[in-house]
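Novice: Starting off with a structure, shown below.
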Number of protein chains: 4
Amino acid sequence: MADKLKIGVIGAGRIGKIHVENIARFIPQAQLEGIADIKLSSEQESWAKAMGVRIISRNPQDLLKDSTINAVIICSSTDTHADLTIAAAEAGKHIFCEKPVDLSVPKVQAALAAVKKAGVKLQIGFNRRFDHNFARIREHTLSGGVGQVQMIKITSRDPAPPPPAYVAVSGGIFLDMMIHDFDMARFQADSEITEVFAAGAVLVDPEIGKAGDVDTALVTLRFANGAIGVIDNSRKAVYGYDQRVEVFGSKGAAIAENDLPNTVKLYSESGVTSEKPLYFFLERYKGAFVDEMIAFTDAVLHNKAIPVTGEDGLADMYAALAAGKSLKEGRPVKIEEVK
Amino acid sequence: MADKLKIGVIGAGRIGKIHVENIARFIPQAQLEGIADIKLSSEQESWAKAMGVRIISRNPQDLLKDSTINAVIICSSTDTHADLTIAAAEAGKHIFCEKPVDLSVPKVQAALAAVKKAGVKLQIGFNRRFDHNFARIREHTLSGGVGQVQMIKITSRDPAPPPPAYVAVSGGIFLDMMIHDFDMARFQADSEITEVFAAGAVLVDPEIGKAGDVDTALVTLRFANGAIGVIDNSRKAVYGYDQRVEVFGSKGAAIAENDLPNTVKLYSESGVTSEKPLYFFLERYKGAFVDEMIAFTDAVLHNKAIPVTGEDGLADMYAALAAGKSLKEGRPVKIEEVK
Amino acid sequence: MADKLKIGVIGAGRIGKIHVENIARFIPQAQLEGIADIKLSSEQESWAKAMGVRIISRNPQDLLKDSTINAVIICSSTDTHADLTIAAAEAGKHIFCEKPVDLSVPKVQAALAAVKKAGVKLQIGFNRRFDHNFARIREHTLSGGVGQVQMIKITSRDPAPPPPAYVAVSGGIFLDMMIHDFDMARFQADSEITEVFAAGAVLVDPEIGKAGDVDTALVTLRFANGAIGVIDNSRKAVYGYDQRVEVFGSKGAAIAENDLPNTVKLYSESGVTSEKPLYFFLERYKGAFVDEMIAFTDAVLHNKAIPVTGEDGLADMYAALAAGKSLKEGRPVKIEEVK
Amino acid sequence: MADKLKIGVIGAGRIGKIHVENIARFIPQAQLEGIADIKLSSEQESWAKAMGVRIISRNPQDLLKDSTINAVIICSSTDTHADLTIAAAEAGKHIFCEKPVDLSVPKVQAALAAVKKAGVKLQIGFNRRFDHNFARIREHTLSGGVGQVQMIKITSRDPAPPPPAYVAVSGGIFLDMMIHDFDMARFQADSEITEVFAAGAVLVDPEIGKAGDVDTALVTLRFANGAIGVIDNSRKAVYGYDQRVEVFGSKGAAIAENDLPNTVKLYSESGVTSEKPLYFFLERYKGAFVDEMIAFTDAVLHNKAIPVTGEDGLADMYAALAAGKSLKEGRPVKIEEVK
């Protein structure tokens with residue numbers, strides 16, 4: 001392969017822009033060749049021009065058929081991910097695809113099959129694996145610092161709920177929100193989830209309940225290696241984005257607390273006050289968005305293993321589907337049941 | 001009632017000695033009148049004499065029939081708690097009884113009935129409600145600081161497992177260890193547990209598994225007020241006694257971290273190191289043992305409500321039994337099923 | 001010596017009561033034999049009776065001439081310390097004397113001479129050496145954890161200033177307040193102070209300025225071993241008693257933060273709030289008051305070295321006097337100048 | 001002025017590169033027009049070309065005489081700062097100059113006079129004012145959160161000493177290292193330093209002593225507004241870059257701790273371990289380097305006040321010179337003495 005990865009980006013929304021700017025700023029070994037968005041606004045067009053890209057288009061095919069481009073980043077709407085992944089694979093492009101690949105298991109399987117057949121690389125956008133805190137926990141686990149992993153605890157709470165209309169089409173709390181945590185759980189346990197039990201409640205917004213979803217959830221996990229775990233989600237933590245992970249084992253525990261915007265404490269008559277956690281994922285995972293793209297670029301350029309594969313995305317999805325089934329049926333559900 | 005509570009202590013083991021010494025040191029409104037232990041050693045007898053108590057005996061009846069004594073503290077072996085509670089109630093004594101009252105629900109019910117009939121007060125030794133950290137969380141909840149309670153998370157890990165022989169007679173992890181956490185959960189939620197789901201594993205000591213118990217457990221909770229919760233237990237945290245509580249609600253979260261023996265941090269080339277948490281319950285709940293006794297003395301002397309009632313003890317026991325049933329049957333269990 | 005230290009306490013004020021109650025509660029190897037206070041109130045008399053002491057008197061001589069008593073604790077008013085120390089030494093009693101021995105160097109020297117001549121032990125009440133945090137720092141230094149000591153920083157701020165009338169007779173901020181910090185500095189440096197430079201200001205209460213003192217001070221220190229240091233004092237920290245120590249050396253730094261009443265943090269929309277430091281010395285140094293008395297008892301009973309000697313008290317006083325001279329003359333002052 | 005600031009950078013060493021890359025990545029309202037370095041290597045030339053700048057030269061005059069360029073950033077060697085500042089001012093360019101402007105007061109004064117005469121803006125590179133922690137402290141002070149400022153404490157320790165050869169030409173610890181802290185002190189006090197007293201020692205490297213400098217220093221400060229302060233410096237903290245600031249006042253204290261690379265704590269049998277502070281200024285002040293340039297760009301483009309003026313740089317230098325004189329003469333020195 002050439003010494004630089006030539007990248008096309010499909011989808012110029014919020015996350016697409018972040019990837020584009022991160023590549024331009026921080027990844028000298030990648031070259032941005034094109035941006036395509038089927039609803040490209042004049043504002044987006046101006047921005048793309050300012051970024052100096054060669055191809056600006058409303059048709060993703062313009063990127064796929066360009067022979068210079070080696071890899072595409074798919075950040076268009078979720079319902080287009082699977083088809084674009086298949087098309088990109090058939091065009092011989094390596095693929096970075098935002099999560100989820102799709103909300104339907106057969107479509108995801110079809111996409112993975114196409115990727116496999118084409119022999120291209122596929123990385124899924126589970127950015128949290130690259131977070132400085134969670135990556136450090138993983139190091140402690142790998143180095144033996146926590147011994148045999150026995151328990152994993154993940155707290156993941158958003159600062160504010162999405163609109164109920166979004167909730168209805170998002171696949172629900174397990175496929176839309178907790179799927180990140182299932183991925184983190186598998187990552188930290190270094191083992192597959194085999195069974196889940198979900199407890200959920202509508203405590204934040206009754207409209208979310210009317211849309212058929214819950215906004216507060218606790219899911220118990222069993223892993224193939226014998227460890228157990230728990231994930232808690234809330235759609236609304238008034239104090240900001242609450243993202244904590246704890247791995248407990250035979251030799252100790254590694255615990256990651258939230259990131260704060262600064263270290264200042266104000267001591268006054270009424271107590272000691274510090275800042276709230278960083279507001280939301282754009283702030284908290286700023287560095288992780290860069291690092292996942294560096295990892296993708298590096299894996300493709302130097303033919304290394306992809307750090308978050310399509311199979312990971314599928315396994316996370318099975319866990320989410322099992323959690324949904326568990327909540328609905330009020331019983332623990334084995335992953336095998338939803339495959 | 002007189003201006004001082006006249007107390008007899010039944011059982012001169014480790015916890016009995018702590019209560020006796022706490023009363024002598026810190027509770028001027030209580031007067032220690034007698035100590036009885038059916039297996040009183042000569043060493044215990046010397047100690048009791050040094051404490052200056054009037055009655056030293058191998059027969060608890062000597063305390064129950066003494067007309068000066070108003071209240072007894074029952075810290076003998078668990079299998080005697082229910083009978084002694086009944087006998088003390090019939091003798092008109094107020095009762096502080098260590099947990100559990102018994103491992104059999106009918107015996108507990110009989111004891112509570114005797115207490116009710118006699119019109120005496122009964123406090124159960126769930127000392128953690130009096131811990132400075134957990135009491136502070138409760139204050140934040142009561143003052144509205146966390147808003148409507150939505151989720152409760154409790155971590156409770158021992159520094160080292162008990163001998164497998166003990167595990168066999170203790171009633172198991174839920175009745176022996178997690179029962180403290182069920183009580184804490186009900187205390188912080190200010191609501192009854194209605195359903196539990198237990199996940200457990202034998203990860204610490206295979207002998208515990210052979211004894212028919214687990215040593216690692218995660219229990220999901222549902223409360224009558226709609227909140228959900230989770231408790232995690234391990235029989236062995238190599239870094240010491242891990243006792244944390246988190247209450248999450250519509251206006252925020254109150255989180256209690258572990259107590260450390262000192263605040264010193266050592267900054268060196270290899271990192272920043274601080275102390276492990278306090279070793280075990282005697283160190284961590286030192287103040288709570290005093291405060292629960294002050295509360296009992298105060299409630300009896302001034303005819304106030306008892307802060308941890310026999311009904312609390314029974315409700316905690318139902319939760320523990322339901323958790324055991326859940327683990328055995330691999331399904332969520334409603335509290336109603338075990339009543 | 002007998003297996004128990006027989007103690008008489010001179011002075012039944014606030015600190016005298018603390019020592020008496022600590023001995024009764026926590027030091028089984030000590031026996032309280034008598035309490036004397038020249039202004040003993042009927043309330044104090046009742047309290048002393050309740051403590052069960054044998055001699056209750058308005059005349060300290062009643063303790064000094066009692067042949068059973070081995071040791072006295074002097075907590076009467078400062079102006080009586082030196083004379084009582086001399087009298088106790090002449091009576092062959094070991095002595096624990098509250099700081100300062102006197103505000104006059106010759107009187108202190110006379111007291112130390114009497115102690116030396118009598119061959120009794122004398123411990124000065126610099127309780128902070130026994131604080132769990134500061135003692136831990138010392139352990140890190142002794143074990144080589146910080147390497148060669150290069151810098152010592154001490155923050156010591158009171159929650160509220162004393163009445164200006166007290167300031168006038170107290171000897172001023174250096175002899176009354178910072179003397180504890182000079183002792184801590186010498187303790188942590190394991191070296192003598194050789195020179196000081198004092199900067200001071202009246203920023204808290206103009207009345208303190210009118211009384212000829214400052215209420216805010218920063219003193220730079222030089223030690224015989226080459227290290228340098230700084231102490232800062234304020235008579236008023238609205239957030240409570242601020243007591244921190246930092247030792248910096250060739251291998252790292254050991255830093256003690258304040259003690260808080262509990263570990264709870266409240267996360268809310270307005271930030272994360274925790275408790276203020278413990279209010280004042282009675283709360284913060286509760287354990288240190290016990291531990292200094294245990295150390296004294298142990299040193300006398302088993303003929304061990306006294307942990308805070310009269311010579312320490314004198315050296316601390318020289319530092320305080322040099323600081324006062326430095327502030328007055330606006331120049332660094334060598335300790336030799338005030339000897 | 002145009003809607004974009006057209007910038008030329010003089011000096012393509014480590015700090016010059018950082019400014020260039022920060023402008024390219026993060027400051028869309030600035031346009032990099034040229035880079036000049038009198039010793040431009042072929043490697044630097046390639047880099048400059050890759051950055052897409054119009055003028056690449058070994059002669060700073062090529063930037064000064066270019067009519068498009070509005071502003072220059074001076075990051076060449078210290079001995080050229082004053083002359084380049086004068087030349088840039090005469091060429092009508094706004095100036096961002098790295099600290100120090102010069103080690104000679106008359107040369108600095110001449111540069112400031114040229115700037116004044118030309119009516120251009122001059123910002124000095126005291127980047128720490130823009131640090132997220134220290135800026136937050138300043139906000140607390142400005143908002144009244146700490147009340148009247150009474151005491152300022154600054155800790156500033158490098159991870160490793162510079163080569164002794166550098167020390168000799170750097171101007172010494174006060175002009176080279178502590179000058180940042182004098183600036184921070186004036187910034188946080190919002191008041192001028194009026195007197196200093198310096199204590200220093202050679203404890204890190206005897207070669208530094210042979211070069212006529214100290215490597216460990218404590219400087220006491222007096223401010224015009226009555227506050228007092230202290231700065232401590234060490235050339236070597238084995239645990240990394242130690243950068244802390246504390247402002248204490250009538251209503252409380254604002255305290256900034258070090259930044260850590262992540263929040264993970266490892267709990268093990270041997271204690272609780274977290275990461276060391278970020279290694280050195282490039283890591284710790286990464287964001288501050290960006291923010292100072294944003295502030296400069298904004299001040300020039302919109303004719304706002306410069307946040308760190310030449311007069312600030314001169315005042316910081318007077319404090320450093322007074323500290324040097326104080327150390328040499330062993331007495332407090334008034335700033336007036338060195339003007």
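Residues are named by chain letter and number: chains run A, B, ... in the order of the structure tokens, numbers start at 1 in each chain, and ligands are numbered from 1 in the order shown.
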Check every residue of chain A for an atom within 8 Å of chain B, counting only C-alpha atoms, and provide those that qualify as number ranges by chain.
Specialist: A: 150, 199-201, 203-204, 216-218, 220, 222, 226-230, 236-239, 249-252, 330-332
Novice: Show me, as an MDAnalysis selection string, the residues that have an atom within 9 Å of region 94-110 of chain A when counting only C-alpha atoms, minus same-chain residues fewer than 2 positions from it.
Specialist: chainID A and resid 15 70:76 78:83 85:86 88:89 92 112:115 119:126 170:171 175:176 179:180 293 296 300 310 313:314 317:318 339
Novice: CA of Ala320 (chain D) and CA of Ile208 (chain D), how far apart in Å?
Specialist: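 These atoms are spaced 17.9 Å apart.
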Novice: Name the residues of region 99-287 of chain A that fall into alpha helix (DSSP H) according to DSSP on the backbone, using the chain letters and numbers of this document, as number ranges by chain.
Specialist: A: 105-118, 132-142, 164-170, 173-176, 178-189, 206-210, 281-284, 286-287
Novice: If we count only C-alpha atoms, what is near Lys334 (chain D) at a cut-off of 7 Å, once residues fewer than 6 positions away on the same chain are taken out, given as a list of chain:residue names?
Specialist: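 My list of contacting residues is D:Thr194, D:Glu195, D:Val196, D:Ala322.
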Novice: As a ChimeraX atom specification, please: the residues near region 254-262 of chain C (cut-off 9 Å, only C-alpha atoms, same-chain neighbours under 5 positions excluded).
Specialist: /B:132-134,136,256-257,259,262-268 /C:133-134,136-138,140-141,145-146,241-249,274-278,284
Novice: Using only C-alpha atoms, which of the listed residues (D:Arg14, D:Arg235, D:Arg129, D:Lys117) sits closest to Arg157 (chain D)?
Specialist: D:Arg235
Novice: I need the residues in region 120-168 of chain D that are strand (DSSP E or B) according to DSSP; give them as a list in words.
Specialist: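 Of region 120-168 of chain D, the ones in strand (DSSP E or B) are Leu122, Gln123, Ile124, Val149, Gln150, Met151, Ile152, Lys153, Ile154, Thr155, Ser156 and Arg157 of chain D.
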Novice: Find the residues near Glu33 (chain D): any atom within 8 Å, counting only C-alpha atoms, skip ones fewer than 5 places away on the same chain, and give them as a list of chain:residue names.
Specialist: D:Lys6, D:Ile7, D:Gly8, D:Val53, D:Arg54, D:Ile55, D:Ile69
Novice: Name all residues at most 12 Å from Ala12 (chain C) (count only C-alpha atoms; drop same-chain ones fewer than 3 positions away) and give them as a VMD selection string.
Specialist: chain C and resid 8 to 9 15 to 21 34 to 48 56 to 58 60 73 to 77
Novice: When you draw a straight line from CA of Phe187 (chain C) to CA of Glu292 (chain C), how long is it in Å?
Specialist: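 Interatomic distance here is 14.4 Å.
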Novice: Just give me the gap between CA of Thr273 (chain A) and CA of Ala135 (chain D) in Å, one decimal is fine.
Specialist: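 The value is 16.2 Å.
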Novice: Hey, what's within 12 Å of His302 (chain B) if we count only C-alpha atoms and toss same-chain stuff fewer than 4 positions away? As a list in words, please?
Specialist: Met1, Ala2, Asp3, Lys4, Leu5, Gln29, Lys121, Ile294, Ala295, Phe296, Thr297, Asp298 and Ile306 of chain B
